[in-house]
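Here is model16.cif, consisting of mmCIF, C-alpha atoms and all ligand atoms:
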```
data_run
#
loop_
_atom_site.label_atom_id
_atom_site.label_comp_id
_atom_site.auth_asym_id
_atom_site.auth_seq_id
_atom_site.Cartn_x
_atom_site.Cartn_y
_atom_site.Cartn_z
CA MET V 1 81.28 -38.30 20.95
CA PRO V 2 81.02 -36.35 24.23
CA THR V 3 78.98 -38.10 26.90
CA VAL V 4 78.05 -36.74 30.30
CA GLN V 5 76.95 -38.86 33.26
CA VAL V 6 74.21 -37.67 35.57
CA PRO V 7 75.06 -39.57 38.78
CA LEU V 8 71.83 -40.10 40.72
CA GLY V 9 72.15 -43.63 42.13
CA ASN V 10 69.59 -45.94 40.55
CA ARG V 11 68.20 -42.98 38.57
CA SER V 12 71.58 -42.26 36.90
CA TYR V 13 71.67 -41.70 33.16
CA GLU V 14 73.83 -40.60 30.29
CA ILE V 15 73.62 -37.50 28.11
CA GLN V 16 75.02 -38.17 24.64
CA VAL V 17 75.97 -35.17 22.50
CA GLY V 18 76.69 -35.68 18.80
CA ASN V 19 75.53 -35.74 15.21
CA ARG V 20 73.06 -38.11 13.50
CA LEU V 21 71.82 -39.44 16.86
CA ILE V 22 68.15 -39.63 15.84
CA ALA V 23 69.10 -42.18 13.18
CA SER V 24 70.46 -44.43 15.94
CA LEU V 25 67.73 -43.65 18.52
CA GLY V 26 66.34 -47.21 18.37
CA GLU V 27 69.73 -48.83 18.85
CA ARG V 28 70.50 -46.53 21.79
CA CYS V 29 67.11 -47.25 23.39
CA ARG V 30 67.65 -51.01 23.01
CA ARG V 31 70.73 -50.77 25.24
CA LEU V 32 68.43 -49.51 28.03
CA LYS V 33 66.63 -52.86 28.11
CA ILE V 34 63.15 -51.35 28.20
CA GLY V 35 59.90 -52.73 26.76
CA THR V 36 58.97 -53.03 23.10
CA ARG V 37 56.00 -50.69 22.84
CA CYS V 38 56.73 -46.98 22.96
CA ALA V 39 55.28 -43.59 22.06
CA VAL V 40 57.16 -40.74 20.44
CA ILE V 41 55.61 -37.45 21.57
CA THR V 42 56.51 -34.46 19.41
CA ASP V 43 55.08 -31.18 18.09
CA ALA V 44 54.00 -30.35 14.55
CA ASN V 45 57.18 -28.42 13.64
CA VAL V 46 59.61 -31.00 14.97
CA GLY V 47 57.49 -33.97 13.90
CA ALA V 48 57.50 -32.78 10.29
CA LYS V 49 61.30 -32.71 10.29
CA TYR V 50 62.38 -35.56 12.55
CA GLY V 51 59.32 -37.66 13.45
CA GLU V 52 59.65 -40.15 10.62
CA ALA V 53 63.38 -40.69 11.21
CA ALA V 54 62.78 -41.32 14.93
CA VAL V 55 59.98 -43.81 14.29
CA LYS V 56 61.96 -45.58 11.56
CA SER V 57 64.99 -45.97 13.81
CA LEU V 58 62.84 -47.41 16.62
CA LYS V 59 61.15 -49.87 14.26
CA ILE V 60 64.47 -51.08 12.83
CA ALA V 61 65.65 -51.75 16.39
CA GLY V 62 62.57 -53.94 17.01
CA PHE V 63 60.31 -51.49 18.88
CA THR V 64 56.63 -50.85 18.19
CA PRO V 65 56.31 -47.06 18.27
CA THR V 66 53.30 -44.82 17.90
CA LEU V 67 53.79 -41.16 16.96
CA ILE V 68 51.80 -38.53 18.89
CA THR V 69 52.03 -35.12 17.23
CA LEU V 70 50.81 -32.10 19.21
CA ASP V 71 50.43 -28.43 18.33
CA ALA V 72 53.63 -26.43 18.72
CA GLY V 73 53.80 -23.74 21.41
CA GLU V 74 53.57 -23.11 25.14
CA ASN V 75 49.76 -23.61 25.17
CA THR V 76 50.36 -27.31 24.56
CA LYS V 77 51.91 -27.61 28.04
CA SER V 78 48.49 -28.09 29.63
CA LEU V 79 46.52 -30.68 31.57
CA ALA V 80 44.14 -30.94 28.60
CA THR V 81 47.03 -32.15 26.42
CA VAL V 82 48.17 -34.53 29.17
CA GLN V 83 44.68 -36.08 29.16
CA LYS V 84 44.81 -36.42 25.36
CA CYS V 85 48.19 -38.18 25.61
CA TYR V 86 46.91 -40.60 28.30
CA ASP V 87 44.04 -41.61 25.99
CA LEU V 88 46.39 -42.17 23.05
CA LEU V 89 48.81 -44.17 25.22
CA ALA V 90 45.96 -46.37 26.42
CA ALA V 91 44.76 -46.87 22.83
CA HIS V 92 48.29 -47.96 21.86
CA ARG V 93 48.38 -50.34 24.86
CA ILE V 94 51.40 -48.72 26.48
CA GLU V 95 52.41 -50.88 29.46
CA ARG V 96 54.48 -50.49 32.63
CA LYS V 97 57.64 -51.54 30.76
CA SER V 98 56.91 -49.35 27.76
CA PHE V 99 58.53 -45.94 27.33
CA ILE V 100 58.00 -42.48 25.92
CA VAL V 101 60.37 -40.55 23.70
CA ALA V 102 60.11 -36.75 24.06
CA LEU V 103 61.18 -35.40 20.66
CA GLY V 104 61.17 -31.59 20.68
CA GLY V 105 61.97 -28.47 22.66
CA GLY V 106 61.34 -27.75 26.31
CA VAL V 107 57.56 -27.68 25.86
CA ILE V 108 57.49 -31.27 24.61
CA GLY V 109 60.16 -32.43 27.08
CA ASP V 110 58.29 -31.01 30.08
CA LEU V 111 54.91 -32.28 28.90
CA ALA V 112 55.97 -35.76 27.72
CA GLY V 113 58.10 -36.15 30.85
CA PHE V 114 55.08 -35.33 33.01
CA VAL V 115 52.96 -37.83 31.09
CA ALA V 116 55.71 -40.44 31.65
CA ALA V 117 55.92 -39.54 35.35
CA THR V 118 52.22 -40.13 35.91
CA TYR V 119 50.91 -42.69 33.38
CA LEU V 120 50.65 -46.08 35.10
CA ARG V 121 52.31 -44.36 38.12
CA GLY V 122 55.42 -43.73 36.08
CA ILE V 123 57.06 -45.24 33.02
CA ALA V 124 60.49 -44.72 31.46
CA PHE V 125 61.21 -41.85 29.12
CA VAL V 126 63.99 -40.71 26.83
CA GLN V 127 64.67 -37.06 26.03
CA VAL V 128 65.61 -36.10 22.47
CA PRO V 129 65.86 -32.30 22.83
CA THR V 130 65.80 -30.35 19.57
CA THR V 131 66.22 -26.74 20.73
CA LEU V 132 69.42 -25.30 22.18
CA LEU V 133 67.53 -24.40 25.36
CA ALA V 134 66.29 -27.96 25.74
CA GLN V 135 69.72 -29.46 25.02
CA VAL V 136 71.56 -27.40 27.62
CA ASP V 137 68.84 -27.08 30.23
CA SER V 138 65.31 -28.48 30.21
CA SER V 139 66.07 -32.07 29.10
CA VAL V 140 68.50 -32.59 31.99
CA GLY V 141 67.57 -32.85 35.65
CA GLY V 142 64.10 -34.37 35.67
CA LYS V 143 61.89 -31.32 36.22
CA VAL V 144 58.73 -32.09 34.25
CA GLY V 145 55.34 -30.45 34.32
CA VAL V 146 52.63 -28.34 32.76
CA ASN V 147 51.14 -24.88 33.19
CA LEU V 148 47.90 -23.78 34.80
CA LYS V 149 46.00 -20.59 33.97
CA ALA V 150 47.35 -19.28 37.30
CA GLY V 151 50.97 -19.66 36.21
CA LYS V 152 53.74 -21.59 34.53
CA ASN V 153 54.94 -25.02 35.70
CA LEU V 154 52.53 -25.11 38.63
CA VAL V 155 51.82 -28.84 38.23
CA GLY V 156 54.79 -31.15 37.95
CA ALA V 157 57.09 -33.83 39.22
CA PHE V 158 60.71 -34.87 39.38
CA HIS V 159 61.07 -37.74 36.93
CA GLN V 160 64.52 -38.39 35.50
CA PRO V 161 64.85 -39.56 31.89
CA ARG V 162 66.67 -42.82 31.18
CA LEU V 163 68.77 -41.23 28.46
CA VAL V 164 69.23 -37.80 26.86
CA LEU V 165 70.25 -37.62 23.19
CA CYS V 166 71.35 -34.15 22.07
CA ASP V 167 71.45 -34.47 18.30
CA LEU V 168 73.32 -31.35 17.18
CA ASP V 169 72.01 -31.71 13.62
CA THR V 170 68.58 -30.63 14.84
CA LEU V 171 69.99 -27.19 15.72
CA SER V 172 70.48 -26.48 12.01
CA THR V 173 66.71 -26.11 11.46
CA LEU V 174 66.02 -24.08 14.59
CA PRO V 175 64.76 -20.54 13.84
CA ASP V 176 67.44 -17.95 14.57
CA ARG V 177 65.50 -16.26 17.36
CA GLU V 178 64.97 -19.60 19.17
CA TYR V 179 68.67 -20.40 18.82
CA ARG V 180 69.72 -17.05 20.29
CA SER V 181 67.24 -17.51 23.10
CA GLY V 182 69.05 -20.75 24.02
CA LEU V 183 72.29 -18.78 24.21
CA GLY V 184 70.80 -16.89 27.18
CA GLU V 185 71.04 -20.15 29.16
CA VAL V 186 74.48 -21.00 27.75
CA VAL V 187 75.86 -17.65 28.98
CA LYS V 188 74.29 -18.41 32.37
CA TYR V 189 76.46 -21.52 32.81
CA GLY V 190 79.57 -19.44 32.21
CA ILE V 191 78.50 -16.87 34.79
CA ILE V 192 77.44 -19.34 37.49
CA HIS V 193 80.15 -21.95 37.24
CA ASP V 194 82.77 -21.70 34.54
CA ALA V 195 84.85 -18.61 33.76
CA SER V 196 86.64 -20.42 30.93
CA LEU V 197 83.32 -21.30 29.25
CA PHE V 198 82.44 -17.60 29.53
CA GLN V 199 85.77 -16.63 27.92
CA LYS V 200 85.22 -19.19 25.17
CA LEU V 201 81.86 -17.56 24.38
CA GLU V 202 83.57 -14.17 24.23
CA LYS V 203 86.28 -15.47 21.89
CA GLN V 204 84.25 -17.82 19.71
CA MET V 205 80.92 -16.01 19.37
CA ASP V 206 81.13 -16.01 15.55
CA ALA V 207 81.48 -19.83 15.52
CA VAL V 208 78.66 -20.10 18.08
CA LEU V 209 76.34 -17.91 16.02
CA SER V 210 77.11 -19.87 12.87
CA ARG V 211 76.30 -23.06 14.83
CA GLN V 212 79.73 -24.52 14.05
CA ALA V 213 79.50 -28.23 14.89
CA ALA V 214 82.70 -28.82 16.89
CA THR V 215 82.28 -25.60 18.87
CA MET V 216 78.66 -26.36 19.72
CA SER V 217 79.39 -29.99 20.59
CA ALA V 218 81.91 -28.87 23.22
CA ILE V 219 79.66 -26.08 24.51
CA VAL V 220 76.49 -28.19 24.79
CA ALA V 221 78.44 -30.97 26.54
CA ARG V 222 80.02 -28.50 28.98
CA CYS V 223 76.65 -26.92 29.86
CA CYS V 224 75.14 -30.38 30.40
CA ALA V 225 78.09 -31.36 32.61
CA ILE V 226 77.60 -28.27 34.78
CA LYS V 227 73.88 -28.93 35.10
CA ALA V 228 74.54 -32.61 35.87
CA GLU V 229 77.00 -31.66 38.63
CA ILE V 230 74.52 -29.26 40.24
CA VAL V 231 71.54 -31.64 39.92
CA ALA V 232 73.61 -34.47 41.43
CA LYS V 233 74.16 -32.31 44.52
CA ASP V 234 70.52 -31.24 44.85
CA GLU V 235 68.13 -33.29 42.75
CA THR V 236 64.93 -31.94 44.31
CA ASP V 237 65.88 -28.27 44.40
CA ASN V 238 66.33 -27.52 48.08
CA GLY V 239 69.71 -25.78 47.89
CA PRO V 240 72.45 -25.33 45.27
CA ARG V 241 70.14 -26.15 42.33
CA ALA V 242 68.94 -22.56 42.84
CA LEU V 243 72.22 -21.46 41.18
CA LEU V 244 70.62 -22.43 37.87
CA ASN V 245 68.25 -19.53 38.42
CA PHE V 246 70.83 -16.76 37.96
CA GLY V 247 69.03 -13.98 36.08
CA HIS V 248 65.71 -15.80 36.45
CA THR V 249 64.17 -13.85 39.35
CA ILE V 250 63.87 -10.71 37.23
CA GLY V 251 63.69 -12.72 33.97
CA HIS V 252 60.64 -14.72 35.06
CA ALA V 253 59.01 -11.55 36.37
CA ILE V 254 59.57 -9.87 32.98
CA GLU V 255 57.98 -12.85 31.15
CA ASN V 256 55.08 -12.89 33.58
CA SER V 257 54.41 -9.16 33.68
CA ILE V 258 54.63 -8.39 29.95
CA GLY V 259 52.71 -11.53 28.98
CA TYR V 260 54.22 -14.88 27.97
CA GLY V 261 55.31 -15.13 24.36
CA LYS V 262 56.20 -11.47 23.82
CA LEU V 263 59.80 -12.15 24.80
CA LEU V 264 61.24 -15.65 24.54
CA HIS V 265 62.53 -17.16 27.80
CA GLY V 266 66.21 -16.65 26.95
CA GLU V 267 65.54 -13.04 25.93
CA ALA V 268 63.83 -12.25 29.24
CA ILE V 269 66.56 -13.91 31.29
CA ALA V 270 69.28 -12.08 29.33
CA ILE V 271 67.84 -8.84 30.70
CA GLY V 272 67.63 -10.58 34.09
CA HIS V 273 71.34 -11.54 33.85
CA VAL V 274 72.31 -7.89 33.40
CA ALA V 275 70.17 -6.78 36.35
CA ALA V 276 71.64 -9.58 38.51
CA ALA V 277 75.14 -8.56 37.42
CA HIS V 278 74.53 -4.98 38.60
CA LEU V 279 73.19 -6.25 41.93
CA SER V 280 76.22 -8.53 42.19
CA ALA V 281 78.50 -5.52 41.74
CA ARG V 282 76.66 -3.55 44.38
CA ARG V 283 76.34 -6.31 46.97
CA LEU V 284 79.22 -8.71 46.34
CA GLY V 285 81.83 -6.57 44.62
CA LEU V 286 81.63 -8.08 41.13
CA GLY V 287 83.92 -5.84 39.06
CA ALA V 288 82.43 -3.15 36.83
CA GLU V 289 84.46 -4.61 33.98
CA ASP V 290 82.80 -8.01 34.50
CA VAL V 291 79.34 -6.43 34.50
CA GLY V 292 80.29 -4.93 31.12
CA ARG V 293 81.56 -8.31 29.85
CA ILE V 294 78.24 -9.96 30.76
CA ARG V 295 76.29 -7.25 28.96
CA THR V 296 78.55 -7.42 25.90
CA VAL V 297 78.48 -11.21 25.48
CA LEU V 298 74.67 -11.15 25.66
CA GLN V 299 74.46 -8.32 23.13
CA ARG V 300 76.80 -10.21 20.82
CA SER V 301 74.48 -13.22 21.16
CA GLY V 302 71.76 -10.97 19.73
CA LEU V 303 69.86 -10.83 23.02
CA PRO V 304 68.19 -7.79 24.61
CA VAL V 305 69.85 -6.26 27.68
CA THR V 306 67.36 -3.48 28.46
CA LEU V 307 63.61 -3.15 28.86
CA LYS V 308 61.10 -0.36 28.31
CA MET V 309 59.71 0.30 31.76
CA PRO V 310 56.92 2.82 32.26
CA GLY V 311 55.73 3.16 35.90
CA ASP V 312 52.88 0.64 35.67
CA LYS V 313 55.19 -1.96 34.13
CA ARG V 314 57.62 -1.55 37.03
CA ASP V 315 54.75 -2.14 39.47
CA ARG V 316 53.71 -5.29 37.61
CA LEU V 317 57.33 -6.48 37.58
CA PHE V 318 57.53 -6.10 41.34
CA ALA V 319 54.21 -7.87 41.82
CA ALA V 320 55.46 -10.76 39.65
CA MET V 321 58.72 -10.99 41.62
CA ARG V 322 56.74 -11.34 44.83
CA LEU V 323 55.05 -14.44 43.35
CA ASP V 324 58.44 -16.02 42.60
CA LYS V 325 59.09 -19.35 44.30
CA LYS V 326 62.25 -17.85 45.83
CA VAL V 327 60.36 -15.25 47.89
CA GLN V 328 60.65 -16.07 51.58
CA ALA V 329 58.90 -14.04 54.29
CA GLY V 330 58.22 -11.30 51.76
CA GLU V 331 61.89 -10.80 50.79
CA ILE V 332 63.04 -11.45 47.27
CA HIS V 333 66.04 -13.80 47.05
CA PHE V 334 68.61 -13.63 44.27
CA VAL V 335 71.47 -15.69 42.90
CA LEU V 336 74.41 -13.29 42.70
CA ALA V 337 77.94 -13.53 41.31
CA GLU V 338 81.09 -12.86 43.34
CA ALA V 339 83.03 -13.21 40.10
CA ILE V 340 82.34 -14.61 36.65
CA GLY V 341 82.26 -18.37 37.32
CA ARG V 342 81.48 -18.09 41.04
CA THR V 343 77.95 -17.52 42.35
CA VAL V 344 76.00 -17.76 45.60
CA PHE V 345 72.28 -18.34 46.07
CA GLY V 346 69.73 -17.17 48.63
CA GLN V 347 70.89 -13.53 48.67
CA ARG V 348 68.21 -11.33 50.24
CA VAL V 349 67.95 -8.00 48.47
CA PRO V 350 65.90 -5.07 49.82
CA ASP V 351 63.25 -3.59 47.50
CA ALA V 352 65.15 -0.30 47.16
CA GLU V 353 68.13 -2.13 45.65
CA VAL V 354 65.91 -4.22 43.37
CA ASN V 355 64.47 -0.89 42.18
CA TRP V 356 67.98 0.43 41.59
CA ALA V 357 68.82 -2.70 39.55
CA LEU V 358 65.70 -2.10 37.43
CA ASP V 359 67.00 1.44 36.76
CA GLN V 360 70.19 -0.12 35.37
CA ILE V 361 68.25 -2.14 32.77
CA LYS V 362 65.75 0.58 31.86
CA GLU V 363 65.77 1.41 28.15
P1 LIG F 401 59.63 -24.89 22.48
O1 LIG F 401 59.63 -26.29 22.91
O2 LIG F 401 58.32 -24.21 22.39
O3 LIG F 401 60.36 -24.80 21.07
C1 LIG F 401 60.45 -23.54 20.44
C2 LIG F 401 59.93 -23.58 19.01
O4 LIG F 401 60.91 -24.22 18.19
C3 LIG F 401 58.65 -24.38 18.81
O5 LIG F 401 57.87 -23.72 17.85
C4 LIG F 401 59.14 -25.71 18.26
O6 LIG F 401 58.17 -26.35 17.46
C5 LIG F 401 60.32 -25.27 17.45
N1 LIG F 401 61.38 -26.27 17.29
C6 LIG F 401 61.90 -27.06 18.24
N2 LIG F 401 62.96 -27.71 17.76
C7 LIG F 401 63.10 -27.36 16.47
C8 LIG F 401 64.03 -27.68 15.46
N3 LIG F 401 65.07 -28.48 15.70
N4 LIG F 401 63.86 -27.15 14.24
C9 LIG F 401 62.83 -26.29 14.00
N5 LIG F 401 61.94 -25.91 14.93
C10 LIG F 401 62.08 -26.44 16.15
O7 LIG F 401 60.54 -23.95 23.42
P2 LIG F 401 61.89 -24.19 24.24
O8 LIG F 401 62.51 -22.87 24.32
O9 LIG F 401 62.68 -25.33 23.72
O10 LIG F 401 61.35 -24.61 25.68
C11 LIG F 401 60.62 -23.73 26.48
C12 LIG F 401 59.96 -24.53 27.58
O11 LIG F 401 60.96 -25.16 28.37
C13 LIG F 401 59.13 -23.69 28.52
O12 LIG F 401 57.88 -24.30 28.71
C14 LIG F 401 59.92 -23.73 29.83
O13 LIG F 401 59.09 -23.64 30.97
C15 LIG F 401 60.60 -25.06 29.73
N6 LIG F 401 61.82 -25.18 30.54
C16 LIG F 401 61.92 -26.25 31.36
C17 LIG F 401 63.06 -26.42 32.12
C18 LIG F 401 63.20 -27.65 32.99
O14 LIG F 401 64.16 -27.74 33.76
N7 LIG F 401 62.32 -28.60 32.88
C19 LIG F 401 64.12 -25.50 32.05
C20 LIG F 401 63.97 -24.42 31.18
C21 LIG F 401 62.82 -24.26 30.42
N1 LIG F 402 66.03 -25.03 34.92
C1 LIG F 402 66.22 -24.99 36.33
C2 LIG F 402 66.35 -26.33 36.94
O1 LIG F 402 66.38 -27.33 36.27
O2 LIG F 402 66.41 -26.42 38.15
#
```

Could you render the structure from this file as structure tokens?
Amino acid sequence: MPTVQVPLGNRSYEIQVGNRLIASLGERCRRLKIGTRCAVITDANVGAKYGEAAVKSLKIAGFTPTLITLDAGENTKSLATVQKCYDLLAAHRIERKSFIVALGGGVIGDLAGFVAATYLRGIAFVQVPTTLLAQVDSSVGGKVGVNLKAGKNLVGAFHQPRLVLCDLDTLSTLPDREYRSGLGEVVKYGIIHDASLFQKLEKQMDAVLSRQAATMSAIVARCCAIKAEIVAKDETDNGPRALLNFGHTIGHAIENSIGYGKLLHGEAIAIGHVAAAHLSARRLGLGAEDVGRIRTVLQRSGLPVTLKMPGDKRDRLFAAMRLDKKVQAGEIHFVLAEAIGRTVFGQRVPDAEVNWALDQIKE
């Protein structure tokens, strides 16, 4: 079974990638030598499929779990839900040595991780990501948090999990659109850090789309290893961790300006990848052929690569980009590729060129 280490001193942990891992969740948690009481936080969709198996496994291993099932969807990532979780944890007498299991996609991982980061000033948590996006991205690296009305992820913390279990079997029940959205992040890892991963996606897209177990095991593990390497260099996001945001400057602005939920995250960033590829060609000499390869691999993943953009939408996109965390002194910063597999962050791009890049992705 592939395992990936996230080397962060006394906050180091292992990512385990394999099949039937939920059935051995309890056994794997026992090796962490954490307390007996625990809470499994999940959403209604995931809980219905995997909640009972997770709780059963924990009980067999000698733990006393309680199951907290929340509504599915981005709205759950709120301070109101955090408050609800605190009350349920207190009712279950969760203690300093107790732990939380986040069983679900990125919404549950971010929310349950934030609850773990703050309840009793911080308790242990284990990530069991059940979407492709959560397996390759959100469950690794310790960014946890919730949304405010003013914007996404505005309240949060860095709180590393003690263990990440990527059970590939859970991908089999993921709706097709959610799965393809996760591929937007998978393609990103190829672009930012690994030309051979990118080539593998080009060659094995049929196996990827049919969720072939051996192919996906290797791909999920490779993406996690890349994220682990970057997080180990820059845990608190002051430098190279920005590389993980390739395609995200325009992608986030698309999500924000058209309204969250209309496009899934991976769909919005796929369009962002294409815009960033064009900018990379213009500013850093990325080959035209490579721009085409990026567009093609995203299209073959079933992801959008263009956007309808009437004038007012373009204005809103620009306004959203200006709110991006990467804006410094009014200039928008991008992650750009010198080649597929080699990227640089902190690239200042004048508005006129951002406008030109938007022309390239206009439907
Ligand atoms: P999600 O958690 O909302 O899951 C998507 C949908 O799939 C939900 O309806 C969920 O109930 C369902 N689902 C999950 N697993 C399933 C399974 N195995 N079978 C059937 N249905 C299943 O969405 P997501 O895309 O996983 O995560 C998005 C969130 O992740 C956003 O809030 C985003 O901000 C966050 N995120 C965080 C980081 C980070 O570093 N912390 C990185 C990227 C994204
Ligand atoms: N998903 C971006 C990060 O973890 O930094």

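If all atoms listed in the file are the atoms counted, then among V:Val82, V:Ala276, V:Ile41, V:Leu148 the closest residue to Gly105 of chain V is V:Ile41.
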
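Between atom CA of Lys49 of chain V and atom CA of Ile34 of chain V the separation is 25.9 Å.
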
Would you mind listing, for every residue of segment 170-233 of chain V within 7 Å of segment 338-357 of chain V, the two atoms forming the shortest contact and the distance between them in Å to one decimal, using only C-alpha atoms, sorted by chain and ascending residue number, as CSV?
```
residue,atom,partner,partner_atom,distance
V:Gly190,CA,V:Gly341,CA,5.9
V:Ile191,CA,V:Gly341,CA,4.8
V:Ile192,CA,V:Gly341,CA,4.9
V:His193,CA,V:Gly341,CA,4.2
V:Asp194,CA,V:Gly341,CA,4.4
V:Ala195,CA,V:Gly341,CA,4.4
```

Can you write out the residues you just picked, keeping C-alpha atoms, as a CSV table (one decimal), in the frame of the given file?
```csv
chain,number,residue,atom,x,y,z
V,190,GLY,CA,79.6,-19.4,32.2
V,191,ILE,CA,78.5,-16.9,34.8
V,192,ILE,CA,77.4,-19.3,37.5
V,193,HIS,CA,80.2,-22.0,37.2
V,194,ASP,CA,82.8,-21.7,34.5
V,195,ALA,CA,84.8,-18.6,33.8
```

Exercise. Separation of atom CA of Val335 of chain V and atom CA of Lys362 of chain V, in Å?
Worked result: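 Distance between the two atoms: 20.5 Å.
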
For this session: Find the residues near Gly239 of chain V: any atom within 12 Å, counting all atoms listed in the file, skip ones fewer than 2 places away on the same chain, and give them as a PyMOL selection string.
Result: chain V and resi 230-237+241-245+326+335+344-346

For this session: Excluding Gly272 of chain V and any residue of its chain fewer than 3 positions from it, enumerate the residues within 7 Å of it, using all atoms listed in the file, and give them as a list in words.
Result: Gly247, His248, Ile250, Gly251, Ala268, Ile269, Ala275 and Ala276 of chain V

For this session: All residues within 8 Å of ligand LIG 401 (chain F) are required, counting all atoms listed in the file; please report them as a PyMOL selection string.
Result: chain V and resi 43-46+49+72-74+77+104-110+129-134+137-146+152-153+169-175+178+181-182+264-266

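Candidate residues V:Ile361, V:Ala281, V:Ile254, V:Cys223 were compared for distance to ligand LIG 402 (chain F), and the nearest is V:Cys223, using only C-alpha atoms and all ligand atoms.
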
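If you look at atom CA of Lys59 of chain V and atom CA of Phe114 of chain V, they are 24.5 Å away from each other.
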
Exercise. Segment 311-315 of chain V: which residues within 8 Å, counting only C-alpha atoms, same-chain residues fewer than 2 positions away excluded, as a VMD selection string?
Worked result: chain V and resid 257 to 258 309 317 to 319

So that I have them on file, write out the residues from the current selection with C-alpha atoms, as a compact mmCIF listing (two decimals), in the coordinates of the input.
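Output contents, as saved in result-v1.txt:
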```
# COMPACT_ATOMS: atom_id res chain seq x y z
CA SER V 257 54.41 -9.16 33.68
CA ILE V 258 54.63 -8.39 29.95
CA MET V 309 59.71 0.30 31.76
CA LEU V 317 57.33 -6.48 37.58
CA PHE V 318 57.53 -6.10 41.34
CA ALA V 319 54.21 -7.87 41.82
```

Exercise. When distances are computed from only C-alpha atoms, which of V:Leu89, V:Val187, V:Val4, V:Ile94 shows the smallest separation from Gly18 of chain V?
Worked result: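 Distance minimum relative to Gly18 of chain V lands on V:Val4.
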
Need the neighbours of (75.9, -41.9, 30.5): which residues are at most 10 Å away, counting only C-alpha atoms, as a short mmCIF file (atom, residue, chain, number, x, y, z; two decimals) with C-alpha atoms, in the frame of the given file?
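Everything below was put into part_27.cif:
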```cif
data_model
loop_
_atom_site.label_atom_id
_atom_site.label_comp_id
_atom_site.auth_asym_id
_atom_site.auth_seq_id
_atom_site.Cartn_x
_atom_site.Cartn_y
_atom_site.Cartn_z
CA PRO V 2 81.02 -36.35 24.23
CA THR V 3 78.98 -38.10 26.90
CA VAL V 4 78.05 -36.74 30.30
CA GLN V 5 76.95 -38.86 33.26
CA VAL V 6 74.21 -37.67 35.57
CA PRO V 7 75.06 -39.57 38.78
CA SER V 12 71.58 -42.26 36.90
CA TYR V 13 71.67 -41.70 33.16
CA GLU V 14 73.83 -40.60 30.29
CA ILE V 15 73.62 -37.50 28.11
CA GLN V 16 75.02 -38.17 24.64
CA ARG V 162 66.67 -42.82 31.18
CA LEU V 163 68.77 -41.23 28.46
CA VAL V 164 69.23 -37.80 26.86
#
```

Please rebuild segment 20-32 of chain V with N, CA and C atoms and give the result as a short mmCIF file (atom, residue, chain, number, x, y, z; two decimals), in the frame of the given file.
```
data_model
loop_
_atom_site.label_atom_id
_atom_site.label_comp_id
_atom_site.auth_asym_id
_atom_site.auth_seq_id
_atom_site.Cartn_x
_atom_site.Cartn_y
_atom_site.Cartn_z
N ARG V 20 73.81 -36.95 14.03
CA ARG V 20 73.06 -38.11 13.50
C ARG V 20 72.58 -39.07 14.61
N LEU V 21 72.23 -38.55 15.75
CA LEU V 21 71.82 -39.44 16.86
C LEU V 21 70.39 -39.94 16.68
N ILE V 22 69.54 -39.16 16.00
CA ILE V 22 68.15 -39.63 15.84
C ILE V 22 68.13 -40.91 14.99
N ALA V 23 69.05 -40.99 14.03
CA ALA V 23 69.10 -42.18 13.18
C ALA V 23 69.43 -43.43 14.00
N SER V 24 70.11 -43.26 15.12
CA SER V 24 70.46 -44.43 15.94
C SER V 24 69.67 -44.45 17.26
N LEU V 25 68.56 -43.70 17.30
CA LEU V 25 67.73 -43.65 18.52
C LEU V 25 67.31 -45.05 18.97
N GLY V 26 66.84 -45.87 18.01
CA GLY V 26 66.34 -47.21 18.37
C GLY V 26 67.44 -48.05 19.00
N GLU V 27 68.59 -48.06 18.36
CA GLU V 27 69.73 -48.83 18.85
C GLU V 27 70.11 -48.38 20.28
N ARG V 28 70.11 -47.08 20.48
CA ARG V 28 70.50 -46.53 21.79
C ARG V 28 69.44 -46.86 22.85
N CYS V 29 68.17 -46.88 22.44
CA CYS V 29 67.11 -47.25 23.39
C CYS V 29 67.21 -48.73 23.73
N ARG V 30 67.59 -49.56 22.75
CA ARG V 30 67.65 -51.01 23.01
C ARG V 30 68.64 -51.33 24.13
N ARG V 31 69.72 -50.52 24.18
CA ARG V 31 70.73 -50.77 25.24
C ARG V 31 70.16 -50.52 26.64
N LEU V 32 69.02 -49.81 26.71
CA LEU V 32 68.43 -49.51 28.03
C LEU V 32 67.62 -50.67 28.58
#
```
